[in-house]
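Text of final-v2.txt, listed as compact mmCIF, N, CA and C atoms and all ligand atoms:
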# COMPACT_ATOMS: atom_id res chain seq x y z
N MET A 581 107.05 103.08 74.89
CA MET A 581 106.97 103.81 76.16
C MET A 581 105.69 104.63 76.23
N ASP A 582 105.08 104.57 77.39
CA ASP A 582 103.92 105.40 77.66
C ASP A 582 104.39 106.54 78.57
N PRO A 583 104.37 107.79 78.06
CA PRO A 583 104.93 108.90 78.86
C PRO A 583 104.18 109.16 80.16
N ASN A 584 103.00 108.59 80.31
CA ASN A 584 102.25 108.78 81.55
C ASN A 584 102.43 107.64 82.54
N CYS A 585 103.27 106.69 82.17
CA CYS A 585 103.42 105.48 83.00
C CYS A 585 104.66 105.61 83.90
N ILE A 586 104.47 105.46 85.19
CA ILE A 586 105.59 105.64 86.12
C ILE A 586 106.67 104.57 85.92
N PHE A 587 106.27 103.35 85.56
CA PHE A 587 107.28 102.33 85.34
C PHE A 587 108.07 102.59 84.06
N CYS A 588 107.42 103.11 83.02
CA CYS A 588 108.17 103.51 81.82
C CYS A 588 109.16 104.62 82.16
N LYS A 589 108.74 105.54 83.01
CA LYS A 589 109.65 106.62 83.40
C LYS A 589 110.86 106.07 84.16
N ILE A 590 110.63 105.05 84.96
CA ILE A 590 111.75 104.40 85.66
C ILE A 590 112.66 103.72 84.65
N LEU A 591 112.06 103.03 83.68
CA LEU A 591 112.86 102.30 82.70
C LEU A 591 113.67 103.24 81.82
N TRP A 592 113.17 104.43 81.62
CA TRP A 592 113.88 105.41 80.79
C TRP A 592 114.66 106.39 81.66
N TRP A 593 114.84 106.05 82.91
CA TRP A 593 115.69 106.80 83.85
C TRP A 593 115.21 108.21 84.12
N GLU A 594 113.91 108.48 83.86
CA GLU A 594 113.38 109.78 84.27
C GLU A 594 113.15 109.78 85.78
N ILE A 595 112.98 108.59 86.32
CA ILE A 595 112.86 108.43 87.78
C ILE A 595 113.95 107.43 88.19
N PRO A 596 114.79 107.83 89.15
CA PRO A 596 115.88 106.92 89.52
C PRO A 596 115.36 105.66 90.22
N SER A 597 116.06 104.58 89.99
CA SER A 597 115.72 103.32 90.65
C SER A 597 117.00 102.54 90.88
N VAL A 598 116.87 101.43 91.59
CA VAL A 598 118.03 100.59 91.89
C VAL A 598 117.79 99.22 91.27
N LYS A 599 118.59 98.93 90.26
CA LYS A 599 118.43 97.71 89.48
C LYS A 599 119.26 96.58 90.09
N ILE A 600 118.69 95.38 90.10
CA ILE A 600 119.50 94.24 90.58
C ILE A 600 119.75 93.22 89.49
N ARG A 601 118.98 93.24 88.41
CA ARG A 601 119.22 92.31 87.31
C ARG A 601 118.48 92.82 86.08
N GLU A 602 118.99 92.43 84.91
CA GLU A 602 118.39 92.89 83.67
C GLU A 602 118.71 91.89 82.57
N ASN A 603 117.78 91.70 81.64
CA ASN A 603 118.11 91.01 80.39
C ASN A 603 117.48 91.78 79.24
N ASP A 604 117.36 91.18 78.08
CA ASP A 604 116.85 91.92 76.91
C ASP A 604 115.42 92.42 77.11
N ASP A 605 114.63 91.70 77.84
CA ASP A 605 113.19 91.99 77.92
C ASP A 605 112.69 92.49 79.26
N PHE A 606 113.49 92.24 80.33
CA PHE A 606 112.98 92.52 81.67
C PHE A 606 114.04 93.18 82.55
N VAL A 607 113.57 93.93 83.53
CA VAL A 607 114.45 94.56 84.50
C VAL A 607 113.90 94.29 85.89
N ALA A 608 114.77 93.92 86.80
CA ALA A 608 114.38 93.77 88.21
C ALA A 608 114.95 94.93 88.99
N ILE A 609 114.05 95.66 89.67
CA ILE A 609 114.48 96.79 90.50
C ILE A 609 113.95 96.58 91.91
N LEU A 610 114.65 97.18 92.86
CA LEU A 610 114.13 97.15 94.23
C LEU A 610 112.96 98.11 94.32
N ASP A 611 111.89 97.65 94.96
CA ASP A 611 110.73 98.51 95.15
C ASP A 611 111.13 99.71 96.00
N ALA A 612 110.72 100.90 95.59
CA ALA A 612 111.09 102.12 96.30
C ALA A 612 110.29 102.30 97.59
N PHE A 613 109.23 101.47 97.75
CA PHE A 613 108.38 101.56 98.95
C PHE A 613 108.32 100.19 99.61
N PRO A 614 109.46 99.68 99.99
CA PRO A 614 109.51 98.28 100.44
C PRO A 614 108.92 98.08 101.83
N ASN A 615 108.14 97.02 102.00
CA ASN A 615 107.68 96.67 103.35
C ASN A 615 108.58 95.61 103.96
N ARG A 616 109.64 95.25 103.24
CA ARG A 616 110.63 94.32 103.75
C ARG A 616 111.88 94.46 102.89
N LYS A 617 112.99 94.05 103.46
CA LYS A 617 114.26 94.12 102.74
C LYS A 617 114.19 93.26 101.48
N GLY A 618 114.54 93.85 100.34
CA GLY A 618 114.63 93.10 99.11
C GLY A 618 113.34 92.98 98.33
N MET A 619 112.29 93.70 98.73
CA MET A 619 111.05 93.69 97.94
C MET A 619 111.39 94.18 96.53
N THR A 620 111.02 93.41 95.53
CA THR A 620 111.52 93.62 94.17
C THR A 620 110.39 93.63 93.16
N LEU A 621 110.57 94.42 92.12
CA LEU A 621 109.64 94.43 90.98
C LEU A 621 110.38 93.90 89.76
N VAL A 622 109.74 92.99 89.05
CA VAL A 622 110.27 92.55 87.75
C VAL A 622 109.37 93.17 86.69
N LEU A 623 109.94 94.09 85.92
CA LEU A 623 109.18 94.87 84.94
C LEU A 623 109.52 94.42 83.53
N SER A 624 108.53 94.43 82.66
CA SER A 624 108.83 94.28 81.23
C SER A 624 109.46 95.58 80.75
N LYS A 625 110.41 95.48 79.84
CA LYS A 625 111.03 96.71 79.32
C LYS A 625 110.06 97.46 78.41
N ASP A 626 109.25 96.74 77.68
CA ASP A 626 108.24 97.39 76.86
C ASP A 626 106.97 97.56 77.69
N HIS A 627 106.17 98.53 77.28
CA HIS A 627 104.95 98.82 78.03
C HIS A 627 103.85 97.85 77.62
N TYR A 628 103.54 96.93 78.52
CA TYR A 628 102.42 96.02 78.33
C TYR A 628 101.44 96.22 79.48
N SER A 629 100.23 95.78 79.28
CA SER A 629 99.22 95.84 80.34
C SER A 629 99.69 95.04 81.55
N SER A 630 99.24 95.46 82.72
CA SER A 630 99.53 94.69 83.93
C SER A 630 98.83 93.33 83.93
N ASP A 631 97.86 93.16 83.07
CA ASP A 631 97.21 91.85 82.93
C ASP A 631 98.14 90.98 82.07
N ILE A 632 99.16 90.45 82.72
CA ILE A 632 100.19 89.76 81.94
C ILE A 632 99.69 88.47 81.33
N PHE A 633 98.51 88.04 81.73
CA PHE A 633 97.96 86.81 81.14
C PHE A 633 97.45 87.06 79.72
N GLN A 634 97.51 88.31 79.29
CA GLN A 634 97.21 88.63 77.89
C GLN A 634 98.46 88.47 77.01
N LEU A 635 99.62 88.35 77.63
CA LEU A 635 100.85 88.20 76.84
C LEU A 635 100.83 86.86 76.11
N ASP A 636 101.56 86.80 75.00
CA ASP A 636 101.60 85.50 74.33
C ASP A 636 102.41 84.52 75.17
N ASN A 637 102.17 83.26 74.95
CA ASN A 637 102.72 82.22 75.82
C ASN A 637 104.25 82.23 75.85
N ASP A 638 104.87 82.46 74.70
CA ASP A 638 106.34 82.45 74.67
C ASP A 638 106.91 83.58 75.51
N PHE A 639 106.32 84.77 75.39
CA PHE A 639 106.83 85.90 76.15
C PHE A 639 106.54 85.71 77.64
N LEU A 640 105.38 85.16 77.94
CA LEU A 640 105.05 84.91 79.35
C LEU A 640 106.03 83.89 79.95
N ALA A 641 106.40 82.90 79.16
CA ALA A 641 107.39 81.92 79.64
C ALA A 641 108.73 82.58 79.89
N LYS A 642 109.13 83.50 79.01
CA LYS A 642 110.38 84.24 79.24
C LYS A 642 110.28 85.07 80.52
N TYR A 643 109.11 85.64 80.73
CA TYR A 643 108.89 86.47 81.91
C TYR A 643 109.05 85.62 83.18
N MET A 644 108.47 84.45 83.19
CA MET A 644 108.58 83.57 84.35
C MET A 644 110.02 83.11 84.55
N LYS A 645 110.72 82.84 83.46
CA LYS A 645 112.11 82.41 83.57
C LYS A 645 112.97 83.53 84.17
N ALA A 646 112.77 84.75 83.68
CA ALA A 646 113.52 85.89 84.21
C ALA A 646 113.20 86.10 85.69
N THR A 647 111.93 85.94 86.04
CA THR A 647 111.51 86.11 87.43
C THR A 647 112.12 85.02 88.31
N LYS A 648 112.16 83.81 87.79
CA LYS A 648 112.75 82.71 88.55
C LYS A 648 114.22 82.99 88.86
N GLU A 649 114.93 83.59 87.92
CA GLU A 649 116.33 83.91 88.15
C GLU A 649 116.47 84.96 89.25
N VAL A 650 115.57 85.94 89.26
CA VAL A 650 115.61 86.96 90.31
C VAL A 650 115.28 86.34 91.66
N VAL A 651 114.29 85.46 91.69
CA VAL A 651 113.96 84.76 92.93
C VAL A 651 115.19 84.01 93.45
N GLY A 652 115.93 83.40 92.55
CA GLY A 652 117.14 82.69 92.94
C GLY A 652 118.15 83.62 93.60
N LEU A 653 118.30 84.82 93.04
CA LEU A 653 119.21 85.80 93.64
C LEU A 653 118.75 86.19 95.04
N LEU A 654 117.46 86.47 95.17
CA LEU A 654 116.94 86.90 96.47
C LEU A 654 117.11 85.80 97.51
N LYS A 655 116.81 84.57 97.12
CA LYS A 655 116.94 83.46 98.06
C LYS A 655 118.39 83.28 98.49
N LYS A 656 119.27 83.36 97.52
CA LYS A 656 120.68 83.13 97.81
C LYS A 656 121.29 84.23 98.67
N TRP A 657 121.11 85.46 98.23
CA TRP A 657 121.86 86.54 98.88
C TRP A 657 121.17 87.12 100.10
N LEU A 658 119.84 86.94 100.19
CA LEU A 658 119.14 87.39 101.40
C LEU A 658 118.90 86.24 102.37
N ASN A 659 119.33 85.05 101.94
CA ASN A 659 119.25 83.89 102.82
C ASN A 659 117.81 83.61 103.27
N VAL A 660 116.90 83.57 102.31
CA VAL A 660 115.51 83.20 102.60
C VAL A 660 115.18 81.94 101.81
N GLU A 661 114.27 81.15 102.37
CA GLU A 661 113.89 79.91 101.70
C GLU A 661 112.76 80.14 100.71
N LYS A 662 111.97 81.18 100.97
CA LYS A 662 110.78 81.40 100.15
C LYS A 662 110.71 82.85 99.69
N VAL A 663 110.14 83.03 98.53
CA VAL A 663 109.88 84.37 98.01
C VAL A 663 108.46 84.37 97.46
N TRP A 664 107.65 85.31 97.94
CA TRP A 664 106.29 85.42 97.43
C TRP A 664 106.31 86.08 96.08
N LEU A 665 105.34 85.73 95.27
CA LEU A 665 105.17 86.34 93.97
C LEU A 665 103.72 86.84 93.87
N ILE A 666 103.58 88.12 93.60
CA ILE A 666 102.25 88.70 93.47
C ILE A 666 102.14 89.36 92.10
N ILE A 667 101.09 89.05 91.39
CA ILE A 667 100.79 89.72 90.13
C ILE A 667 99.44 90.40 90.31
N GLU A 668 99.47 91.70 90.32
CA GLU A 668 98.20 92.43 90.46
C GLU A 668 98.22 93.60 89.49
N TRP A 669 97.08 94.10 89.20
CA TRP A 669 97.06 95.30 88.39
C TRP A 669 96.07 96.27 89.02
N LEU A 670 96.48 96.69 90.23
CA LEU A 670 95.62 97.57 91.01
C LEU A 670 95.93 99.05 90.75
N GLU A 671 97.19 99.38 90.52
CA GLU A 671 97.53 100.80 90.40
C GLU A 671 98.22 101.09 89.08
N VAL A 672 99.46 100.66 88.92
CA VAL A 672 100.20 100.98 87.70
C VAL A 672 99.88 99.94 86.62
N ASP A 673 99.45 100.42 85.46
CA ASP A 673 99.11 99.49 84.38
C ASP A 673 100.32 99.30 83.46
N HIS A 674 101.28 98.56 83.96
CA HIS A 674 102.49 98.18 83.23
C HIS A 674 102.89 96.83 83.80
N ALA A 675 103.16 95.89 82.95
CA ALA A 675 103.44 94.54 83.41
C ALA A 675 104.48 94.54 84.52
N HIS A 676 104.11 94.03 85.67
CA HIS A 676 105.06 93.94 86.79
C HIS A 676 104.71 92.78 87.70
N ILE A 677 105.76 92.11 88.13
CA ILE A 677 105.63 91.03 89.10
C ILE A 677 106.33 91.49 90.36
N LYS A 678 105.63 91.39 91.48
CA LYS A 678 106.20 91.80 92.76
C LYS A 678 106.74 90.59 93.50
N LEU A 679 107.93 90.72 94.02
CA LEU A 679 108.56 89.63 94.77
C LEU A 679 108.82 90.08 96.21
N TYR A 680 108.43 89.22 97.15
CA TYR A 680 108.57 89.53 98.57
C TYR A 680 109.36 88.43 99.26
N PRO A 681 110.61 88.68 99.60
CA PRO A 681 111.33 87.69 100.40
C PRO A 681 110.56 87.40 101.69
N PHE A 682 110.44 86.13 102.00
CA PHE A 682 109.71 85.71 103.20
C PHE A 682 110.71 85.43 104.30
N TYR A 683 110.72 86.31 105.33
CA TYR A 683 111.68 86.16 106.42
C TYR A 683 111.12 85.35 107.57
N ASN A 684 109.89 85.66 107.95
CA ASN A 684 109.26 84.93 109.05
C ASN A 684 107.79 85.31 109.07
N TRP A 685 107.06 84.72 109.99
CA TRP A 685 105.61 84.95 110.01
C TRP A 685 105.25 86.36 110.41
N MET A 686 106.14 87.05 111.12
CA MET A 686 105.85 88.44 111.43
C MET A 686 105.69 89.23 110.13
N TRP A 687 106.57 88.91 109.17
CA TRP A 687 106.50 89.60 107.90
C TRP A 687 105.26 89.20 107.11
N PHE A 688 104.75 88.02 107.39
CA PHE A 688 103.51 87.60 106.74
C PHE A 688 102.40 88.60 107.04
N GLN A 689 102.37 89.06 108.27
CA GLN A 689 101.30 89.97 108.67
C GLN A 689 101.38 91.33 107.99
N THR A 690 102.54 91.69 107.51
CA THR A 690 102.64 92.97 106.81
C THR A 690 102.08 92.87 105.41
N GLY A 691 101.82 91.66 104.95
CA GLY A 691 101.18 91.49 103.66
C GLY A 691 101.97 92.13 102.54
N VAL A 692 101.25 92.72 101.63
CA VAL A 692 101.89 93.28 100.44
C VAL A 692 101.81 94.80 100.41
N TRP A 693 101.36 95.40 101.50
CA TRP A 693 101.20 96.86 101.49
C TRP A 693 102.55 97.56 101.47
N SER A 694 102.60 98.65 100.78
CA SER A 694 103.83 99.40 100.69
C SER A 694 104.07 100.19 101.97
N TRP A 695 105.32 100.40 102.26
CA TRP A 695 105.74 101.21 103.37
C TRP A 695 106.27 102.54 102.82
N PRO A 696 106.67 103.45 103.70
CA PRO A 696 107.17 104.74 103.20
C PRO A 696 108.37 104.56 102.25
N GLN A 697 108.56 105.57 101.43
CA GLN A 697 109.62 105.50 100.43
C GLN A 697 110.98 105.36 101.10
N GLU A 698 111.77 104.46 100.53
CA GLU A 698 113.14 104.23 101.00
C GLU A 698 114.09 105.10 100.19
N SER A 699 115.19 105.51 100.80
CA SER A 699 116.17 106.34 100.08
C SER A 699 116.93 105.48 99.07
N LEU A 700 117.37 106.11 98.00
CA LEU A 700 118.19 105.39 97.02
C LEU A 700 119.47 104.87 97.66
N GLU A 701 119.99 105.63 98.60
CA GLU A 701 121.21 105.21 99.29
C GLU A 701 120.99 103.87 100.00
N ASN A 702 119.89 103.77 100.73
CA ASN A 702 119.62 102.52 101.44
C ASN A 702 119.28 101.39 100.48
N LEU A 703 118.56 101.70 99.40
CA LEU A 703 118.25 100.66 98.41
C LEU A 703 119.54 100.15 97.77
N ASN A 704 120.48 101.02 97.53
CA ASN A 704 121.75 100.59 96.94
C ASN A 704 122.53 99.67 97.88
N ILE A 705 122.41 99.91 99.17
CA ILE A 705 123.07 99.02 100.13
C ILE A 705 122.50 97.61 100.00
N VAL A 706 121.17 97.53 99.90
CA VAL A 706 120.53 96.21 99.74
C VAL A 706 120.92 95.61 98.40
N ALA A 707 120.89 96.42 97.35
CA ALA A 707 121.20 95.91 96.01
C ALA A 707 122.60 95.33 95.96
N ASN A 708 123.51 95.96 96.65
CA ASN A 708 124.88 95.45 96.64
C ASN A 708 124.98 94.07 97.28
N GLU A 709 124.01 93.76 98.13
CA GLU A 709 124.00 92.41 98.72
C GLU A 709 123.46 91.38 97.74
N ILE A 710 122.55 91.78 96.88
CA ILE A 710 121.84 90.78 96.08
C ILE A 710 122.08 90.88 94.58
N LYS A 711 122.86 91.83 94.13
CA LYS A 711 123.13 91.90 92.71
C LYS A 711 123.84 90.64 92.23
N ASP A 712 123.57 90.30 91.00
CA ASP A 712 124.21 89.14 90.41
C ASP A 712 125.73 89.34 90.46
N ARG A 713 126.38 88.45 91.18
CA ARG A 713 127.84 88.58 91.32
C ARG A 713 128.55 87.56 90.46
N ASN A 714 127.83 87.08 89.43
CA ASN A 714 128.40 86.10 88.51
C ASN A 714 128.90 84.86 89.23
N SER A 715 128.12 84.46 90.21
CA SER A 715 128.50 83.23 90.92
C SER A 715 127.29 82.36 91.11
ZN ZN B 1 104.82 101.57 81.15

Please go through the file and, once you have read it, give me the structure as structure tokens.
Amino acid sequence: MDPNCIFCKILWWEIPSVKIRENDDFVAILDAFPNRKGMTLVLSKDHYSSDIFQLDNDFLAKYMKATKEVVGLLKKWLNVEKVWLIIEWLEVDHAHIKLYPFYNWMWFQTGVWSWPQESLENLNIVANEIKDRNS
């Protein structure tokens, strides 16, 4: 853990978040500044650089597999055919993959920019729609 890293603080519950899926190595949380319903971050549990292409191949493959499972949840429960995947390291230097459910072309124009912070209450409403329901 890096005590100065906001994603580490989220992972260690110093900052509340809304989780939709988790395994041994990764956690998927709803973005607190969503520009669309279900905007999601897939974070590594350990603190790695946001340049995830530095990860070893086996771990990167696990990361993609975990992300694919989250994409499946978003597609299924939010009823979207496509989910964008963005890997950038512009602000927080902690491995994270951003997922954007694609609803329609209007949402295309909103791009990847964050919107104002959403309440935990509203994020939990969305999470309850898309959490893994073991089905
Ligand atoms: Zn971190």

Which of these, A:Asn603, A:Asn708, A:Asn584, A:Gln697, has the shortest distance to Glu649 of chain A once you count only C-alpha atoms?
A:Asn603

Which residues form the shell of 6 Å around ligand ZN 1 (chain B) when you count all atoms listed in the file, given as a PDB file with N, CA and C atoms, in the frame of the given file?
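Written output follows (result.pdb):
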ATOM      1  N   MET A 581     107.050 103.080  74.890  1.00  0.00           N
ATOM      2  CA  MET A 581     106.970 103.810  76.160  1.00  0.00           C
ATOM      3  C   MET A 581     105.690 104.630  76.230  1.00  0.00           C
ATOM      4  N   ASP A 582     105.080 104.570  77.390  1.00  0.00           N
ATOM      5  CA  ASP A 582     103.920 105.400  77.660  1.00  0.00           C
ATOM      6  C   ASP A 582     104.390 106.540  78.570  1.00  0.00           C
ATOM      7  N   CYS A 585     103.270 106.690  82.170  1.00  0.00           N
ATOM      8  CA  CYS A 585     103.420 105.480  83.000  1.00  0.00           C
ATOM      9  C   CYS A 585     104.660 105.610  83.900  1.00  0.00           C
ATOM     10  N   ILE A 586     104.470 105.460  85.190  1.00  0.00           N
ATOM     11  CA  ILE A 586     105.590 105.640  86.120  1.00  0.00           C
ATOM     12  C   ILE A 586     106.670 104.570  85.920  1.00  0.00           C
ATOM     13  N   PHE A 587     106.270 103.350  85.560  1.00  0.00           N
ATOM     14  CA  PHE A 587     107.280 102.330  85.340  1.00  0.00           C
ATOM     15  C   PHE A 587     108.070 102.590  84.060  1.00  0.00           C
ATOM     16  N   CYS A 588     107.420 103.110  83.020  1.00  0.00           N
ATOM     17  CA  CYS A 588     108.170 103.510  81.820  1.00  0.00           C
ATOM     18  C   CYS A 588     109.160 104.620  82.160  1.00  0.00           C
ATOM     19  N   LYS A 589     108.740 105.540  83.010  1.00  0.00           N
ATOM     20  CA  LYS A 589     109.650 106.620  83.400  1.00  0.00           C
ATOM     21  C   LYS A 589     110.860 106.070  84.160  1.00  0.00           C
ATOM     22  N   ASP A 626     109.250  96.740  77.680  1.00  0.00           N
ATOM     23  CA  ASP A 626     108.240  97.390  76.860  1.00  0.00           C
ATOM     24  C   ASP A 626     106.970  97.560  77.690  1.00  0.00           C
ATOM     25  N   HIS A 627     106.170  98.530  77.280  1.00  0.00           N
ATOM     26  CA  HIS A 627     104.950  98.820  78.030  1.00  0.00           C
ATOM     27  C   HIS A 627     103.850  97.850  77.620  1.00  0.00           C
ATOM     28  N   TYR A 628     103.540  96.930  78.520  1.00  0.00           N
ATOM     29  CA  TYR A 628     102.420  96.020  78.330  1.00  0.00           C
ATOM     30  C   TYR A 628     101.440  96.220  79.480  1.00  0.00           C
ATOM     31  N   ASP A 673      99.450 100.420  85.460  1.00  0.00           N
ATOM     32  CA  ASP A 673      99.110  99.490  84.380  1.00  0.00           C
ATOM     33  C   ASP A 673     100.320  99.300  83.460  1.00  0.00           C
ATOM     34  N   HIS A 674     101.280  98.560  83.960  1.00  0.00           N
ATOM     35  CA  HIS A 674     102.490  98.180  83.230  1.00  0.00           C
ATOM     36  C   HIS A 674     102.890  96.830  83.800  1.00  0.00           C
TER      37      HIS A 674
END

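Take atom CA of Arg601 of chain A and atom CA of Tyr683 of chain A: the distance between them is 21.4 Å.
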
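The nearest approach to Ser624 of chain A among the residues A:Trp593, A:Tyr643, A:Trp685, A:Trp669, with only C-alpha atoms taken into account, belongs to A:Tyr643.
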
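Checking A:Glu668, A:Pro596, A:Asp604, A:Phe613 one by one against Trp693 of chain A, counting all atoms listed in the file, you find the shortest gap at A:Phe613.
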
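Put simply, atom C of Leu665 of chain A is 25.5 Å away from atom C of Trp592 of chain A.
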
Taking only chain A into account, list the residues labelled strand (DSSP E) by DSSP (computed from the backbone), as a ChimeraX atom specification.
/A:599-602,606-610,620-624,662-666,676-682

DSSP-assigned alpha helix (DSSP H) members of chain A, reported as a ChimeraX atom specification:
/A:586-591,637-658,685-689,700-710

What would the file be for segment 630-648 of chain A if you keep C-alpha atoms and write it as an mmCIF file, in the first residue's frame?
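File decode.cif, as written:
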data_model
loop_
_atom_site.group_PDB
_atom_site.id
_atom_site.type_symbol
_atom_site.label_atom_id
_atom_site.label_comp_id
_atom_site.auth_asym_id
_atom_site.auth_seq_id
_atom_site.Cartn_x
_atom_site.Cartn_y
_atom_site.Cartn_z
ATOM 1 C CA SER A 630 -0.740 2.637 -13.842
ATOM 2 C CA ASP A 631 1.495 1.561 -16.718
ATOM 3 C CA ILE A 632 0.067 -1.920 -16.529
ATOM 4 C CA PHE A 633 2.097 -3.000 -19.534
ATOM 5 C CA GLN A 634 5.009 -3.255 -17.120
ATOM 6 C CA LEU A 635 3.236 -6.092 -15.301
ATOM 7 C CA ASP A 636 4.433 -9.591 -15.996
ATOM 8 C CA ASN A 637 2.469 -11.439 -18.638
ATOM 9 C CA ASP A 638 0.796 -13.905 -16.282
ATOM 10 C CA PHE A 639 -0.491 -11.182 -13.986
ATOM 11 C CA LEU A 640 -1.599 -9.065 -16.928
ATOM 12 C CA ALA A 641 -3.525 -12.054 -18.275
ATOM 13 C CA LYS A 642 -5.232 -12.445 -14.890
ATOM 14 C CA TYR A 643 -6.054 -8.747 -14.976
ATOM 15 C CA MET A 644 -7.690 -9.055 -18.397
ATOM 16 C CA LYS A 645 -9.614 -12.143 -17.307
ATOM 17 C CA ALA A 646 -10.940 -10.367 -14.208
ATOM 18 C CA THR A 647 -11.854 -7.346 -16.324
ATOM 19 C CA LYS A 648 -13.632 -9.534 -18.855
#
